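*Asks:* Okay, so here is protein31.cif, and as you'll see once you scroll down, it has mmCIF, C-alpha atoms.
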```
data_run
loop_
_atom_site.group_PDB
_atom_site.id
_atom_site.type_symbol
_atom_site.label_atom_id
_atom_site.label_comp_id
_atom_site.auth_asym_id
_atom_site.auth_seq_id
_atom_site.Cartn_x
_atom_site.Cartn_y
_atom_site.Cartn_z
ATOM 1 C CA MET A 907 70.223 90.172 111.726
ATOM 2 C CA LEU A 908 67.797 92.204 109.679
ATOM 3 C CA GLY A 909 66.208 89.205 107.986
ATOM 4 C CA ALA A 910 66.016 87.097 111.132
ATOM 5 C CA SER A 911 64.251 89.911 112.976
ATOM 6 C CA GLY A 912 61.727 90.397 110.169
ATOM 7 C CA SER A 913 63.263 93.741 109.253
ATOM 8 C CA GLY A 914 63.932 93.183 105.570
ATOM 9 C CA ASP A 915 67.423 93.141 104.137
ATOM 10 C CA ILE A 916 70.445 95.389 104.037
ATOM 11 C CA GLY A 917 69.617 96.742 100.574
ATOM 12 C CA GLU A 918 66.246 98.003 101.769
ATOM 13 C CA HIS A 919 67.784 99.999 104.611
ATOM 14 C CA PHE A 920 71.090 101.004 103.039
ATOM 15 C CA PRO A 921 70.698 100.947 99.238
ATOM 16 C CA ASP A 922 73.914 101.158 97.249
ATOM 17 C CA SER A 923 72.116 103.595 94.947
ATOM 18 C CA ASP A 924 72.041 106.181 97.776
ATOM 19 C CA SER A 925 75.209 108.286 97.699
ATOM 20 C CA LYS A 926 75.208 108.729 101.486
ATOM 21 C CA TYR A 927 76.254 105.068 101.774
ATOM 22 C CA HIS A 928 79.119 105.361 99.269
ATOM 23 C CA ASN A 929 82.347 104.298 101.038
ATOM 24 C CA ILE A 930 80.591 104.136 104.426
ATOM 25 C CA GLN A 931 82.382 102.154 107.101
ATOM 26 C CA SER A 932 80.753 98.754 107.504
ATOM 27 C CA ILE A 933 80.772 99.108 111.302
ATOM 28 C CA LYS A 934 78.377 102.049 110.936
ATOM 29 C CA LEU A 935 75.992 99.812 108.992
ATOM 30 C CA LEU A 936 76.315 97.124 111.659
ATOM 31 C CA THR A 937 75.531 99.654 114.399
ATOM 32 C CA ALA A 938 72.521 100.979 112.464
ATOM 33 C CA SER A 939 71.302 97.432 111.803
ATOM 34 C CA ASN A 940 71.561 96.673 115.500
ATOM 35 C CA ASP A 941 69.494 99.780 116.262
ATOM 36 C CA ILE A 942 66.824 98.579 113.824
ATOM 37 C CA ILE A 943 66.499 95.145 115.396
ATOM 38 C CA GLU A 944 66.493 96.589 118.921
ATOM 39 C CA LYS A 945 63.510 98.771 118.009
ATOM 40 C CA LYS A 946 61.683 95.577 117.017
ATOM 41 C CA GLY A 947 62.404 93.973 120.393
ATOM 42 C CA TRP A 948 65.461 91.856 119.500
ATOM 43 C CA TYR A 949 69.051 91.791 120.674
ATOM 44 C CA VAL A 950 72.190 89.962 119.584
ATOM 45 C CA SER A 951 73.262 87.220 121.977
ATOM 46 C CA ASN A 952 76.457 86.154 120.223
ATOM 47 C CA VAL A 953 78.246 86.185 116.867
ATOM 48 C CA ASP A 954 80.559 83.773 115.090
ATOM 49 C CA CYS A 955 82.478 85.110 112.083
ATOM 50 C CA VAL A 956 84.755 83.492 109.526
ATOM 51 C CA ILE A 957 86.925 85.640 107.276
ATOM 52 C CA ILE A 958 88.597 84.025 104.275
ATOM 53 C CA ALA A 959 91.547 86.011 102.950
ATOM 54 C CA ASP A 960 95.079 85.247 101.865
ATOM 55 C CA GLU A 961 96.018 88.934 101.978
ATOM 56 C CA PRO A 962 96.100 90.848 104.190
ATOM 57 C CA ARG A 963 97.038 88.543 107.045
ATOM 58 C CA LEU A 964 94.195 89.225 109.456
ATOM 59 C CA GLN A 965 95.023 86.950 112.389
ATOM 60 C CA TYR A 966 96.862 89.850 114.040
ATOM 61 C CA PHE A 967 93.678 91.956 114.086
ATOM 62 C CA LYS A 968 91.203 89.444 115.516
ATOM 63 C CA ASP A 969 91.179 90.905 119.020
ATOM 64 C CA GLU A 970 90.635 94.446 117.731
ATOM 65 C CA MET A 971 87.852 93.256 115.409
ATOM 66 C CA ARG A 972 86.155 91.476 118.319
ATOM 67 C CA GLN A 973 86.318 94.678 120.363
ATOM 68 C CA VAL A 974 84.844 96.854 117.601
ATOM 69 C CA ILE A 975 82.078 94.388 116.719
ATOM 70 C CA SER A 976 81.112 93.821 120.353
ATOM 71 C CA GLY A 977 80.864 97.583 120.857
ATOM 72 C CA ALA A 978 78.624 98.011 117.818
ATOM 73 C CA LEU A 979 76.344 95.183 118.959
ATOM 74 C CA LYS A 980 76.400 96.115 122.665
ATOM 75 C CA ILE A 981 77.573 92.665 123.721
ATOM 76 C CA ASP A 982 80.582 91.332 125.599
ATOM 77 C CA LYS A 983 83.741 90.796 123.600
ATOM 78 C CA GLN A 984 83.726 87.157 124.751
ATOM 79 C CA ASP A 985 80.462 86.721 122.790
ATOM 80 C CA VAL A 986 82.152 87.519 119.474
ATOM 81 C CA GLY A 987 84.086 84.752 117.753
ATOM 82 C CA ILE A 988 86.348 85.495 114.811
ATOM 83 C CA LYS A 989 88.222 82.909 112.798
ATOM 84 C CA VAL A 990 90.451 83.652 109.833
ATOM 85 C CA THR A 991 91.501 81.224 107.151
ATOM 86 C CA SER A 992 92.996 81.309 103.681
ATOM 87 C CA GLN A 993 92.481 79.713 100.291
ATOM 88 C CA GLU A 994 96.126 78.629 100.154
ATOM 89 C CA GLY A 995 96.742 80.570 96.955
ATOM 90 C CA MET A 996 93.715 79.189 95.082
ATOM 91 C CA GLY A 997 91.142 81.273 93.233
ATOM 92 C CA LEU A 998 90.394 84.977 93.526
ATOM 93 C CA ILE A 999 90.840 84.946 97.281
ATOM 94 C CA GLY A 1000 94.091 83.034 97.063
ATOM 95 C CA ARG A 1001 95.471 85.529 94.563
ATOM 96 C CA GLY A 1002 94.600 88.389 96.927
ATOM 97 C CA GLU A 1003 91.884 89.711 94.603
ATOM 98 C CA ALA A 1004 88.969 89.088 96.976
ATOM 99 C CA ILE A 1005 87.970 88.475 100.579
ATOM 100 C CA ALA A 1006 84.945 86.486 101.753
ATOM 101 C CA SER A 1007 83.272 86.450 105.128
ATOM 102 C CA TYR A 1008 80.419 84.657 106.826
ATOM 103 C CA ALA A 1009 78.718 85.323 110.117
ATOM 104 C CA VAL A 1010 76.164 83.506 112.212
ATOM 105 C CA VAL A 1011 74.289 85.639 114.725
ATOM 106 C CA LEU A 1012 72.013 84.406 117.510
ATOM 107 C CA LEU A 1013 69.132 86.810 118.106
ATOM 108 C CA LYS A 1014 66.919 86.728 121.160
ATOM 109 C CA ARG A 1015 63.799 88.666 122.016
ATOM 110 C CA LYS A 1016 64.195 91.228 124.751
ATOM 111 C CA GLY A 1017 63.084 89.739 128.033
ATOM 112 C CA GLU A 1018 64.491 86.327 127.090
ATOM 113 C CA GLY A 1019 67.865 85.184 128.320
ATOM 114 C CA GLY A 1020 68.931 88.109 130.434
ATOM 115 C CA LYS A 1021 68.257 91.393 128.601
#
```
Show me the file's structure as structure tokens.
*Replies:*
Amino acid sequence: MLGASGSGDIGEHFPDSDSKYHNIQSIKLLTASNDIIEKKGWYVSNVDCVIIADEPRLQYFKDEMRQVISGALKIDKQDVGIKVTSQEGMGLIGRGEAIASYAVVLLKRKGEGGK
């Protein structure tokens, strides 16, 4: 979101060297990032997320995650897609030592497409 809107990257806005970001909830960073892009005239149209984790089993939390993400981005829950998959026991993720995630976000300029 930040890069696509010409707003730099997450490390510029929320450096891990700043103690105020230590253990911060990621949803707070998402909300703040959304505020940054909105000030530049952009808004999020929709989001598609993939979470790769063998543990914990996240499929039971997809609806709640969609609700929280849509609230942070000020979009309808139906515009947030979340898919979960596993590594079937292979590698760091498969051993429960790591989680990976990817997201694709469609940004639009305010005044385009309804907002």
*Asks:* Exactly which residues make up the result of the PyMOL selection byres ((chain A and resi 937) around 12) on this file, given as a ChimeraX atom specification?
*Replies:* /A:907-908,931-936,938-944,949-950,974-981
*Asks:* Around all the atoms of stretch 931-948 of chain A listed in the file, draw an axis-aligned box and extend it by 3 Å on each of the six sides; I want its centre and edge lengths in Å to one decimal, as JSON.
*Replies:*
```
{"center_x": 72.0, "center_y": 97.0, "center_z": 113.7, "size_x": 26.7, "size_y": 16.3, "size_z": 19.3}
```
*Asks:* To one decimal in Å, tell me the separation between atom CA of A:Phe920 and atom CA of A:Lys946.
*Replies:*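 Between these atoms lies a distance of 17.7 Å.
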*Asks:* What is the distance between atom CA of A:Ile958 and atom CA of A:Ile999, in Å to one decimal?
*Replies:*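 So the answer is 7.4 Å.
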*Asks:* For a test of reading the model, state the distance in Å between atom CA of A:Gly997 and atom CA of A:Pro921, rounded to one decimal.
*Replies:* 29.0 Å
*Asks:* Excluding A:Val1010 and its own-chain neighbours fewer than 2 positions away, which residues fall within 10 Å of it when counting all atoms listed in the file? Please give them as a list in words.
*Replies:*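 Listed by chain and then number, they are Met907, Asn952, Val953, Asp954, Cys955, Val956, Gly987, Tyr1008, Leu1012 and Leu1013 of chain A.
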*Asks:* The PyMOL selection byres ((chain A and resi 1003-1005) around 12) on the file shown: which residues, as a list of chain:residue names?
*Replies:*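 So the PyMOL selection byres ((chain A and resi 1003-1005) around 12) ends up selecting A:Val956, A:Ile957, A:Ile958, A:Ala959, A:Asp960, A:Glu961, A:Pro962, A:Arg963, A:Leu964, A:Val990, A:Thr991, A:Ser992, A:Gln993, A:Gly995, A:Met996, A:Gly997, A:Leu998, A:Ile999, A:Gly1000, A:Arg1001, A:Gly1002, A:Ala1006, A:Ser1007, A:Tyr1008.
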*Asks:* Because some atoms of stretch 926-950 of chain A are absent here, can you restore N, CA, C and O atoms and send them as a compact mmCIF listing (two decimals), in the frame of the given file?
*Replies:*
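And here is the file that came out, result22.txt:
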```txt
# COMPACT_ATOMS: atom_id res chain seq x y z
N LYS A 926 74.76 108.58 100.10
CA LYS A 926 75.21 108.73 101.49
C LYS A 926 75.85 107.45 102.03
O LYS A 926 76.53 107.49 103.05
N TYR A 927 75.64 106.33 101.35
CA TYR A 927 76.25 105.07 101.77
C TYR A 927 77.52 104.73 100.99
O TYR A 927 78.15 103.73 101.26
N HIS A 928 77.91 105.60 100.05
CA HIS A 928 79.12 105.36 99.27
C HIS A 928 80.34 105.44 100.19
O HIS A 928 80.53 106.42 100.91
N ASN A 929 81.12 104.39 100.22
CA ASN A 929 82.35 104.30 101.04
C ASN A 929 82.09 104.40 102.54
O ASN A 929 83.00 104.72 103.30
N ILE A 930 80.88 104.10 102.99
CA ILE A 930 80.59 104.14 104.43
C ILE A 930 81.31 102.98 105.12
O ILE A 930 81.49 101.90 104.55
N GLN A 931 81.74 103.21 106.33
CA GLN A 931 82.38 102.15 107.10
C GLN A 931 81.34 101.09 107.45
O GLN A 931 80.24 101.41 107.93
N SER A 932 81.70 99.84 107.25
CA SER A 932 80.75 98.75 107.50
C SER A 932 80.32 98.70 108.96
O SER A 932 79.19 98.30 109.26
N ILE A 933 81.16 99.14 109.89
CA ILE A 933 80.77 99.11 111.30
C ILE A 933 79.61 100.06 111.56
O ILE A 933 78.78 99.81 112.44
N LYS A 934 79.52 101.14 110.80
CA LYS A 934 78.38 102.05 110.94
C LYS A 934 77.09 101.37 110.48
O LYS A 934 76.02 101.57 111.08
N LEU A 935 77.17 100.55 109.44
CA LEU A 935 75.99 99.81 108.99
C LEU A 935 75.61 98.75 110.01
O LEU A 935 74.42 98.50 110.24
N LEU A 936 76.60 98.12 110.62
CA LEU A 936 76.32 97.12 111.66
C LEU A 936 75.63 97.78 112.86
O LEU A 936 74.64 97.26 113.38
N THR A 937 76.13 98.93 113.28
CA THR A 937 75.53 99.65 114.40
C THR A 937 74.09 100.05 114.07
O THR A 937 73.18 99.87 114.89
N ALA A 938 73.87 100.57 112.88
CA ALA A 938 72.52 100.98 112.46
C ALA A 938 71.59 99.77 112.37
O ALA A 938 70.42 99.85 112.76
N SER A 939 72.11 98.65 111.88
CA SER A 939 71.30 97.43 111.80
C SER A 939 70.92 96.95 113.20
O SER A 939 69.78 96.52 113.44
N ASN A 940 71.86 97.06 114.12
CA ASN A 940 71.56 96.67 115.50
C ASN A 940 70.48 97.57 116.09
O ASN A 940 69.58 97.09 116.79
N ASP A 941 70.53 98.86 115.79
CA ASP A 941 69.49 99.78 116.26
C ASP A 941 68.12 99.39 115.71
O ASP A 941 67.12 99.44 116.43
N ILE A 942 68.09 98.98 114.46
CA ILE A 942 66.82 98.58 113.82
C ILE A 942 66.23 97.36 114.52
O ILE A 942 65.04 97.34 114.85
N ILE A 943 67.06 96.35 114.78
CA ILE A 943 66.50 95.14 115.40
C ILE A 943 66.10 95.40 116.84
O ILE A 943 65.12 94.83 117.33
N GLU A 944 66.85 96.27 117.54
CA GLU A 944 66.49 96.59 118.92
C GLU A 944 65.12 97.25 119.00
O GLU A 944 64.36 96.98 119.92
N LYS A 945 64.82 98.11 118.03
CA LYS A 945 63.51 98.77 118.01
C LYS A 945 62.37 97.78 117.80
O LYS A 945 61.24 98.06 118.16
N LYS A 946 62.69 96.62 117.22
CA LYS A 946 61.68 95.58 117.02
C LYS A 946 61.66 94.58 118.17
O LYS A 946 60.95 93.58 118.10
N GLY A 947 62.45 94.83 119.21
CA GLY A 947 62.40 93.97 120.39
C GLY A 947 63.40 92.83 120.40
O GLY A 947 63.26 91.89 121.16
N TRP A 948 64.45 92.91 119.57
CA TRP A 948 65.46 91.86 119.50
C TRP A 948 66.80 92.37 120.01
O TRP A 948 67.06 93.57 120.02
N TYR A 949 67.67 91.45 120.39
CA TYR A 949 69.05 91.79 120.67
C TYR A 949 69.95 90.64 120.23
O TYR A 949 69.50 89.49 120.10
N VAL A 950 71.20 90.97 119.98
CA VAL A 950 72.19 89.96 119.58
C VAL A 950 72.73 89.30 120.84
O VAL A 950 73.19 89.99 121.77
```
